[in-house]
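What follows is the content of run.cif, which has mmCIF, C-alpha atoms and all ligand atoms:
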data_upload
loop_
_atom_site.label_atom_id
_atom_site.label_comp_id
_atom_site.auth_asym_id
_atom_site.auth_seq_id
_atom_site.Cartn_x
_atom_site.Cartn_y
_atom_site.Cartn_z
CA PRO A 26 0.00 0.00 0.00
CA GLN A 27 2.92 2.35 0.43
CA LEU A 28 3.23 3.08 -3.28
CA ALA A 29 -0.48 3.79 -3.62
CA ASN A 30 -0.24 6.05 -0.60
CA GLN A 31 2.73 7.87 -2.08
CA ILE A 32 0.86 8.41 -5.33
CA ALA A 33 -2.09 9.80 -3.40
CA ALA A 34 0.38 11.88 -1.41
CA GLY A 35 1.44 13.54 -4.65
CA GLU A 36 -2.02 15.05 -4.78
CA VAL A 37 -2.61 15.84 -1.12
CA VAL A 38 0.89 16.77 -0.04
CA GLU A 39 2.42 19.37 -2.29
CA ARG A 40 4.61 21.02 0.29
CA PRO A 41 4.89 21.44 4.08
CA ALA A 42 2.01 23.94 4.13
CA SER A 43 -0.37 21.35 2.67
CA VAL A 44 0.55 18.94 5.47
CA VAL A 45 -0.13 21.66 8.02
CA LYS A 46 -3.48 22.45 6.39
CA GLU A 47 -4.69 18.84 6.47
CA LEU A 48 -3.55 18.26 10.05
CA VAL A 49 -4.96 21.48 11.46
CA GLU A 50 -8.27 20.83 9.69
CA ASN A 51 -8.36 17.40 11.30
CA SER A 52 -7.78 18.99 14.70
CA ILE A 53 -10.64 21.41 14.07
CA ASP A 54 -12.92 18.60 12.89
CA ALA A 55 -12.11 16.86 16.19
CA GLY A 56 -13.57 19.80 18.11
CA SER A 57 -10.28 21.21 19.41
CA THR A 58 -10.31 24.59 21.09
CA GLN A 59 -6.53 24.92 21.30
CA ILE A 60 -4.04 23.93 18.58
CA GLU A 61 -0.27 24.24 18.76
CA ILE A 62 1.82 24.04 15.63
CA ASP A 63 5.56 23.52 15.88
CA ILE A 64 7.58 23.84 12.70
CA GLU A 65 11.25 23.11 12.24
CA LYS A 66 13.18 24.33 9.20
CA GLY A 67 10.19 25.48 7.21
CA GLY A 68 8.59 22.09 7.83
CA HIS A 69 11.24 20.07 5.96
CA LYS A 70 12.59 18.82 9.24
CA ARG A 71 9.45 18.57 11.36
CA ILE A 72 5.77 19.47 11.51
CA LYS A 73 4.19 18.82 14.86
CA ILE A 74 0.56 19.57 15.66
CA ARG A 75 -0.91 19.14 19.08
CA ASP A 76 -4.60 19.57 19.86
CA ASN A 77 -7.07 19.10 22.70
CA GLY A 78 -9.80 17.54 20.56
CA GLN A 79 -11.75 14.32 20.96
CA GLY A 80 -8.78 12.07 20.25
CA ILE A 81 -8.56 8.73 18.48
CA ALA A 82 -9.33 5.54 20.39
CA HIS A 83 -6.63 2.90 20.75
CA ASP A 84 -8.29 0.44 18.39
CA GLU A 85 -8.88 3.11 15.73
CA LEU A 86 -5.32 4.39 15.50
CA GLU A 87 -4.25 1.90 12.88
CA LEU A 88 -7.37 2.53 10.84
CA ALA A 89 -6.82 6.29 10.95
CA LEU A 90 -3.50 5.77 9.17
CA SER A 91 -4.97 3.72 6.34
CA ARG A 92 -6.36 5.11 3.12
CA HIS A 93 -10.02 5.93 2.70
CA ALA A 94 -10.54 5.58 6.41
CA THR A 95 -12.66 8.48 7.39
CA SER A 96 -14.80 8.64 10.49
CA LYS A 97 -16.67 11.58 9.05
CA ILE A 98 -19.33 10.03 6.84
CA ALA A 99 -22.28 9.01 8.97
CA THR A 100 -25.24 9.78 6.73
CA LEU A 101 -25.93 10.37 3.06
CA ASP A 102 -26.37 14.05 3.78
CA ASP A 103 -22.91 14.06 5.30
CA LEU A 104 -21.60 12.34 2.22
CA GLU A 105 -22.91 15.08 -0.04
CA GLN A 106 -21.47 17.76 2.21
CA ILE A 107 -18.17 16.00 2.61
CA LEU A 108 -17.70 15.35 -1.08
CA SER A 109 -18.33 19.01 -1.73
CA LEU A 110 -15.68 19.96 0.81
CA GLY A 111 -13.15 17.55 -0.61
CA PHE A 112 -12.76 15.25 2.40
CA ARG A 113 -11.39 11.97 1.22
CA GLY A 114 -9.99 10.12 4.17
CA GLU A 115 -6.49 9.90 2.81
CA ALA A 116 -4.56 12.76 4.30
CA LEU A 117 -3.05 10.87 7.21
CA ALA A 118 -2.16 7.85 5.09
CA SER A 119 -0.59 10.08 2.47
CA ILE A 120 1.42 12.10 4.96
CA SER A 121 2.64 8.97 6.72
CA SER A 122 3.86 7.57 3.40
CA VAL A 123 6.16 10.55 2.75
CA SER A 124 7.43 11.31 6.27
CA ARG A 125 8.39 9.63 9.53
CA LEU A 126 5.08 9.96 11.27
CA THR A 127 3.99 9.29 14.80
CA LEU A 128 0.42 9.67 15.93
CA THR A 129 -0.25 9.96 19.65
CA SER A 130 -3.72 10.23 21.05
CA LYS A 131 -5.88 9.98 24.12
CA PRO A 132 -9.66 10.32 24.10
CA ALA A 133 -10.96 11.69 27.40
CA ASN A 134 -12.68 8.40 28.27
CA GLN A 135 -9.52 6.31 27.82
CA GLU A 136 -7.07 5.82 30.69
CA GLN A 137 -3.95 5.43 28.62
CA ALA A 138 -2.58 7.37 25.66
CA TRP A 139 -1.21 5.35 22.73
CA GLN A 140 1.33 6.18 20.10
CA ALA A 141 1.30 4.71 16.60
CA HIS A 142 4.08 4.70 14.09
CA CYS A 143 4.56 3.02 10.75
CA HIS A 144 7.73 1.14 10.03
CA GLY A 145 9.33 -1.22 7.55
CA ARG A 146 8.64 -1.68 3.87
CA ASP A 147 5.02 -2.65 4.41
CA MET A 148 4.46 0.27 6.79
CA ALA A 149 3.21 -2.00 9.57
CA VAL A 150 1.72 0.00 12.42
CA LYS A 151 3.26 -0.42 15.86
CA LEU A 152 1.48 0.79 19.02
CA ASN A 153 3.09 1.83 22.31
CA PRO A 154 1.59 3.18 25.52
CA VAL A 155 2.87 6.71 26.29
CA ALA A 156 2.02 9.67 28.48
CA HIS A 157 -0.09 12.35 26.73
CA PRO A 158 -2.98 14.60 27.81
CA ASN A 159 -6.45 14.35 26.25
CA GLY A 160 -6.20 15.09 22.54
CA THR A 161 -3.89 14.26 19.68
CA THR A 162 -0.33 14.99 18.63
CA ILE A 163 0.88 14.29 15.12
CA ASP A 164 4.57 14.52 14.47
CA ALA A 165 5.66 14.34 10.83
CA ALA A 166 9.44 14.45 10.52
CA ASP A 167 11.73 14.44 7.49
CA LEU A 168 9.08 15.28 4.92
CA PHE A 169 9.74 13.69 1.51
CA TYR A 170 12.79 11.81 2.87
CA ASN A 171 11.85 8.89 0.62
CA THR A 172 10.67 10.87 -2.41
CA PRO A 173 13.74 12.81 -3.60
CA ALA A 174 12.00 14.14 -6.71
CA ARG A 175 9.46 15.93 -4.57
CA ARG A 176 12.04 17.05 -2.06
CA LYS A 177 13.80 18.91 -4.87
CA PHE A 178 10.79 21.18 -5.28
CA LEU A 179 10.96 22.46 -1.74
CA ARG A 180 11.89 26.14 -1.57
CA THR A 181 13.90 27.84 1.14
CA GLU A 182 13.01 27.43 4.77
CA LYS A 183 11.74 30.99 4.81
CA THR A 184 9.47 30.58 1.79
CA GLU A 185 7.99 27.29 3.00
CA PHE A 186 7.34 28.79 6.42
CA GLN A 187 5.65 31.78 4.77
CA HIS A 188 3.24 29.38 3.08
CA ILE A 189 2.56 27.70 6.41
CA ASP A 190 1.88 31.04 8.08
CA ASP A 191 -0.53 31.96 5.26
CA ILE A 192 -2.45 28.74 5.81
CA ILE A 193 -2.64 29.31 9.56
CA LYS A 194 -3.85 32.87 8.98
CA ARG A 195 -6.61 31.64 6.71
CA ILE A 196 -7.72 28.89 9.06
CA ALA A 197 -7.54 31.19 12.10
CA LEU A 198 -9.71 33.80 10.34
CA SER A 199 -12.48 31.30 9.77
CA HIS A 200 -12.19 29.62 13.21
CA HIS A 201 -12.00 32.53 15.60
CA LYS A 202 -13.05 30.52 18.64
CA VAL A 203 -10.01 28.26 18.40
CA GLY A 204 -6.74 29.33 20.05
CA PHE A 205 -3.57 28.88 17.99
CA ILE A 206 0.12 28.96 18.72
CA LEU A 207 2.54 28.80 15.82
CA ARG A 208 6.26 28.33 16.44
CA HIS A 209 9.15 28.19 14.02
CA ASN A 210 12.43 26.67 15.18
CA GLY A 211 11.28 27.05 18.77
CA LYS A 212 10.33 30.71 18.46
CA THR A 213 6.69 31.79 18.85
CA VAL A 214 5.53 33.49 15.65
CA ARG A 215 1.81 33.75 16.35
CA LYS A 216 -0.19 33.43 19.51
CA LEU A 217 -3.92 33.81 19.02
CA ALA A 218 -6.27 33.53 21.97
CA GLY A 219 -9.56 31.78 21.31
CA ARG A 220 -12.22 34.47 20.84
CA ALA A 221 -15.85 34.45 21.95
CA GLU A 222 -18.58 33.54 19.45
CA GLN A 223 -19.55 37.17 18.90
CA ASP A 224 -15.95 38.41 18.63
CA LYS A 225 -15.08 37.43 15.10
CA SER A 226 -13.89 40.95 14.35
CA LYS A 227 -11.36 40.74 17.22
CA ARG A 228 -9.73 37.76 15.55
CA ILE A 229 -9.68 39.63 12.25
CA GLY A 230 -8.03 42.53 14.07
CA ASP A 231 -5.45 40.13 15.56
CA LEU A 232 -4.48 39.06 12.07
CA LEU A 233 -4.98 42.09 9.83
CA GLY A 234 -4.45 44.85 12.36
CA GLN A 235 -6.75 47.15 14.32
CA LYS A 236 -6.44 49.78 11.63
CA PHE A 237 -8.09 47.51 9.12
CA ILE A 238 -10.99 46.79 11.46
CA GLY A 239 -11.36 50.45 12.42
CA ASN A 240 -11.50 51.68 8.84
CA SER A 241 -13.46 48.93 7.18
CA THR A 242 -17.13 48.80 6.30
CA TYR A 243 -18.99 45.96 7.96
CA LEU A 244 -21.72 44.17 6.09
CA LYS A 245 -24.02 41.33 7.00
CA THR A 246 -26.81 40.36 4.67
CA ASP A 247 -28.54 37.52 2.88
CA TYR A 248 -30.55 36.78 -0.21
CA ASP A 249 -32.55 33.58 -0.50
CA SER A 250 -30.21 30.96 0.84
CA ILE A 251 -27.03 32.95 0.21
CA LYS A 252 -25.53 34.62 3.27
CA MET A 253 -22.68 37.07 3.41
CA GLU A 254 -20.68 38.68 6.18
CA ALA A 255 -17.82 40.97 5.21
CA TRP A 256 -15.24 43.48 6.38
CA LEU A 257 -14.44 45.77 3.48
CA GLY A 258 -11.42 48.04 3.46
CA SER A 259 -8.96 49.26 0.91
CA LEU A 260 -5.46 48.08 0.23
CA SER A 261 -4.06 51.54 0.82
CA GLU A 262 -5.02 51.25 4.49
CA VAL A 263 -3.44 47.95 5.40
CA ARG A 264 0.11 47.04 6.23
CA SER A 265 1.02 44.97 3.25
CA SER A 266 -0.57 45.05 -0.11
CA ASN A 267 -0.50 41.43 -1.17
CA ASP A 268 -2.29 39.38 1.42
CA CYS A 269 -5.32 41.22 2.62
CA GLN A 270 -7.86 39.55 0.39
CA PHE A 271 -9.53 36.67 2.15
CA SER A 272 -12.65 34.92 1.00
CA PHE A 273 -14.31 31.91 2.54
CA VAL A 274 -17.06 29.83 1.05
CA ASN A 275 -18.92 27.72 3.58
CA GLY A 276 -16.06 28.24 6.02
CA ARG A 277 -13.29 27.19 3.66
CA GLY A 278 -10.63 29.53 2.37
CA MET A 279 -10.94 30.03 -1.37
CA ARG A 280 -8.99 32.12 -3.81
CA ASP A 281 -12.03 32.86 -5.79
CA LYS A 282 -12.08 34.93 -8.96
CA LEU A 283 -15.81 35.50 -8.93
CA ILE A 284 -15.81 37.03 -5.46
CA LEU A 285 -12.80 39.20 -6.25
CA HIS A 286 -14.34 40.34 -9.51
CA ALA A 287 -17.62 41.24 -7.84
CA LEU A 288 -15.83 43.20 -5.12
CA ARG A 289 -13.72 45.12 -7.62
CA GLN A 290 -16.82 46.00 -9.56
CA ALA A 291 -18.62 47.25 -6.44
CA TYR A 292 -15.59 49.31 -5.35
CA GLU A 293 -15.32 50.79 -8.81
CA MET A 294 -19.02 51.67 -8.86
CA THR A 295 -18.62 53.45 -5.53
CA TRP A 296 -15.23 55.06 -5.72
CA GLY A 297 -13.95 54.83 -9.27
CA ILE A 298 -11.07 52.65 -10.33
CA ALA A 299 -8.49 53.89 -7.84
CA GLU A 300 -9.47 51.73 -4.89
CA GLN A 301 -8.30 48.14 -4.62
CA PRO A 302 -10.27 46.06 -2.16
CA ALA A 303 -8.82 44.61 1.02
CA PHE A 304 -11.40 42.32 2.51
CA VAL A 305 -12.47 39.42 4.60
CA VAL A 306 -15.59 37.90 3.11
CA PHE A 307 -17.56 34.95 4.43
CA LEU A 308 -20.04 33.59 1.96
CA SER A 309 -22.40 30.80 2.78
CA VAL A 310 -24.38 28.96 0.12
CA PRO A 311 -26.14 25.58 0.22
CA ALA A 312 -23.57 22.78 -0.18
CA ARG A 313 -25.40 21.44 -3.23
CA ASP A 314 -24.91 24.75 -5.04
CA VAL A 315 -21.11 24.64 -5.07
CA ASP A 316 -18.50 22.33 -6.54
CA VAL A 317 -15.18 22.49 -4.81
CA ASN A 318 -12.39 21.42 -7.11
CA VAL A 319 -11.75 17.75 -6.33
CA HIS A 320 -8.03 18.44 -6.22
CA PRO A 321 -7.54 18.82 -2.48
CA ALA A 322 -4.61 21.19 -2.75
CA LYS A 323 -6.53 23.74 -4.80
CA HIS A 324 -8.80 26.32 -3.36
CA GLU A 325 -11.24 26.80 -6.15
CA VAL A 326 -14.95 26.65 -6.15
CA ARG A 327 -17.60 26.64 -8.83
CA PHE A 328 -20.99 28.13 -8.09
CA GLN A 329 -24.01 26.57 -9.74
CA GLN A 330 -25.58 29.99 -9.99
CA ALA A 331 -22.49 32.04 -10.58
CA ARG A 332 -24.29 35.04 -12.06
CA LEU A 333 -26.69 35.24 -9.15
CA VAL A 334 -23.94 35.03 -6.55
CA HIS A 335 -21.84 37.60 -8.40
CA ASP A 336 -24.66 40.12 -8.74
CA PHE A 337 -25.74 39.63 -5.15
CA ILE A 338 -22.21 40.51 -3.98
CA VAL A 339 -21.94 43.56 -6.26
CA GLN A 340 -25.30 44.83 -5.08
CA ALA A 341 -24.75 44.23 -1.37
CA VAL A 342 -21.20 45.60 -1.32
CA SER A 343 -21.83 48.72 -3.36
CA GLN A 344 -24.83 49.54 -1.20
CA ALA A 345 -22.89 49.06 2.04
CA LEU A 346 -19.96 51.14 0.79
CA SER A 347 -22.06 54.05 -0.34
CA GLU A 348 -24.13 54.02 2.87
CA ASP A 349 -20.91 54.10 4.85
CA ALA A 350 -19.54 56.93 2.73
CA ALA A 351 -22.70 59.00 3.15
P1 LIG B 401 -10.46 12.67 6.85
O1 LIG B 401 -10.10 13.91 7.60
O2 LIG B 401 -10.77 12.93 5.41
O3 LIG B 401 -11.49 11.82 7.54
P2 LIG B 401 -7.74 11.93 7.39
O4 LIG B 401 -6.80 10.99 6.70
O5 LIG B 401 -7.36 13.37 7.41
O6 LIG B 401 -9.15 11.75 6.73
O7 LIG B 401 -7.95 11.41 8.86
C1 LIG B 401 -8.38 10.07 9.06
C2 LIG B 401 -9.19 9.93 10.34
O8 LIG B 401 -8.33 10.04 11.47
C3 LIG B 401 -10.25 11.00 10.54
O9 LIG B 401 -11.46 10.66 9.91
C4 LIG B 401 -10.38 11.04 12.05
O10 LIG B 401 -11.27 10.03 12.49
C5 LIG B 401 -9.01 10.67 12.55
N1 LIG B 401 -8.22 11.86 12.95
C6 LIG B 401 -7.21 12.45 12.24
N2 LIG B 401 -6.68 13.48 12.92
C7 LIG B 401 -7.37 13.57 14.08
C8 LIG B 401 -7.29 14.45 15.23
N3 LIG B 401 -6.41 15.46 15.29
N4 LIG B 401 -8.17 14.22 16.25
C9 LIG B 401 -9.06 13.21 16.20
N5 LIG B 401 -9.18 12.36 15.15
C10 LIG B 401 -8.35 12.54 14.11
MG MG B 402 -8.58 15.15 7.15
#
Go ahead and express the file in the form of structure tokens.
Amino acid sequence: PQLANQIAAGEVVERPASVVKELVENSIDAGSTQIEIDIEKGGHKRIKIRDNGQGIAHDELELALSRHATSKIATLDDLEQILSLGFRGEALASISSVSRLTLTSKPANQEQAWQAHCHGRDMAVKLNPVAHPNGTTIDAADLFYNTPARRKFLRTEKTEFQHIDDIIKRIALSHHKVGFILRHNGKTVRKLAGRAEQDKSKRIGDLLGQKFIGNSTYLKTDYDSIKMEAWLGSLSEVRSSNDCQFSFVNGRGMRDKLILHALRQAYEMTWGIAEQPAFVVFLSVPARDVDVNVHPAKHEVRFQQARLVHDFIVQAVSQALSEDAA
């Protein structure tokens, strides 16, 4: 199975940041409220994620490391939702096939924590009792040690870490109640306290700066089954020009052209061409109305009713901007 896992890994695991994304999403799915991410050498050397989520029971550890083992499909409705989000139950198996991985976990109702690691040609899973608090730690060391072709594509430590930080920023924006600590080579780079349900804008301020929050237009609206919540500013007001455009569709970070296009159009209608949007936009549409690209590493989405979504955004944003300007 190792070869099949490595082939799958080629799709799931592009670079250290994609490992971080899959692991942190698993921690969030497990209901964690605190997630610590330790990175060594841009993730080439080590990616370690520790959470306080529900954990994995002793007799499910081995299964969690095998392909197409997902505990997340309980009903047909789930299946539809999950397919649309791109869950495929192969992240852990893929990551363990291209790194030296140990998985340590303790569900609250289990006395003992257990640690699993794969070894040998056939990647047999070995289990040992260890000490560990409630929750899960995944330690993936020496990424791509056995796939030199892929290792060659890794960029510098700094660049790979930048990608990891971008991923954490995105995930932290859309999960403001979860606390995060991100460390690189032992040094704390981000420390984000879990925020209260109603304090989404505080988390946005933590990440994009108070100035952005203070100067942006807030918008919350819906049309039929489409919902939108947004903080709308301009690039001239934020610290750096390149990474202040964040859109989320059904809670997932997407680099979406349609949303960007609609925002540009609304800004242009309100202010003329000079303003470039800086924004955090949360869009929610029924799961059946979107196709998320099946490629798990991409962040693209296709709306069934693209025109409708686009025009709704243009309308809502231009109205909010001009009301705010008045
Ligand atoms: P998927 O997330 O698509 O189900 P993964 O390969 O990412 O597949 O994970 C496999 C399974 O391992 C998950 O379905 C879940 O049951 C379990 N798992 C992985 N990470 C965690 C975690 N941090 N906490 C609890 N369970 C986890
Ligand atoms: Mg997963």
With distances taken over all atoms listed in the file, which of A:Asp84, A:Thr184, A:Asp281, A:Ile189 is nearest to A:Ala138?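 That would be A:Asp84, the residue with the smallest distance to A:Ala138.
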Of the listed residues A:Val342, A:Ile81, A:Ala287, A:Leu152, that which approaches A:Thr246 most closely, counting all atoms listed in the file: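 Smallest separation from A:Thr246 among the options: A:Val342.
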Find the spatial neighbours of A:Ala218, counting only C-alpha atoms, within a cut-off of 9 Å - ignore same-chain residues fewer than 4 positions away - and output them as a VMD selection string. chain A and resid 59 201 to 206 228
Find the residue from A:Lys131, A:Lys66, A:Lys236, A:Lys245 that sits nearest to A:Gln344; use all atoms listed in the file when measuring.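 Closest to A:Gln344, using all atoms listed in the file: A:Lys245.
Proximity to A:Ile284 was assessed for A:Tyr243, A:Trp256, A:Phe307, A:Tyr248 counting all atoms listed in the file; the smallest distance is recorded for A:Phe307.
The gap separating atom CA of A:Leu126 from atom CA of A:Glu182 is 20.3 Å, in Å to one decimal.
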How many Å lie between atom CA of A:Glu293 and atom CA of A:Ser343, rounded to one decimal?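 Atom-to-atom, atom CA of A:Glu293 and atom CA of A:Ser343 are spaced 8.7 Å apart.
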One decimal, Å: what's the distance from atom CA of A:Gln270 over to atom CA of A:Arg40, could you say?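 Those two atoms sit 22.3 Å apart.
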Give me, as a ChimeraX atom specification, all polymer residues having an atom no more than 12 Å from A:Asp190, counting all atoms listed in the file and skipping those fewer than 3 positions away in the same chain. /A:41-43,45-46,62-64,67-68,183-187,193-197,205-209,213-216,232,268
Resulting file, chosen residues, C-alpha atoms, as a tab-separated table (two decimals), in the frame of the given file:
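Saved to again.tsv:
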chain	number	residue	atom	x	y	z
A	41	PRO	CA	4.89	21.44	4.08
A	42	ALA	CA	2.01	23.94	4.13
A	43	SER	CA	-0.37	21.35	2.67
A	45	VAL	CA	-0.13	21.66	8.02
A	46	LYS	CA	-3.48	22.45	6.39
A	62	ILE	CA	1.82	24.04	15.63
A	63	ASP	CA	5.56	23.52	15.88
A	64	ILE	CA	7.58	23.84	12.70
A	67	GLY	CA	10.19	25.48	7.21
A	68	GLY	CA	8.59	22.09	7.83
A	183	LYS	CA	11.74	30.99	4.81
A	184	THR	CA	9.47	30.58	1.79
A	185	GLU	CA	7.99	27.29	3.00
A	186	PHE	CA	7.34	28.79	6.42
A	187	GLN	CA	5.65	31.78	4.77
A	193	ILE	CA	-2.64	29.31	9.56
A	194	LYS	CA	-3.85	32.87	8.98
A	195	ARG	CA	-6.61	31.64	6.71
A	196	ILE	CA	-7.72	28.89	9.06
A	197	ALA	CA	-7.54	31.19	12.10
A	205	PHE	CA	-3.57	28.88	17.99
A	206	ILE	CA	0.12	28.96	18.72
A	207	LEU	CA	2.54	28.80	15.82
A	208	ARG	CA	6.26	28.33	16.44
A	209	HIS	CA	9.15	28.19	14.02
A	213	THR	CA	6.69	31.79	18.85
A	214	VAL	CA	5.53	33.49	15.65
A	215	ARG	CA	1.81	33.75	16.35
A	216	LYS	CA	-0.19	33.43	19.51
A	232	LEU	CA	-4.48	39.06	12.07
A	268	ASP	CA	-2.29	39.38	1.42
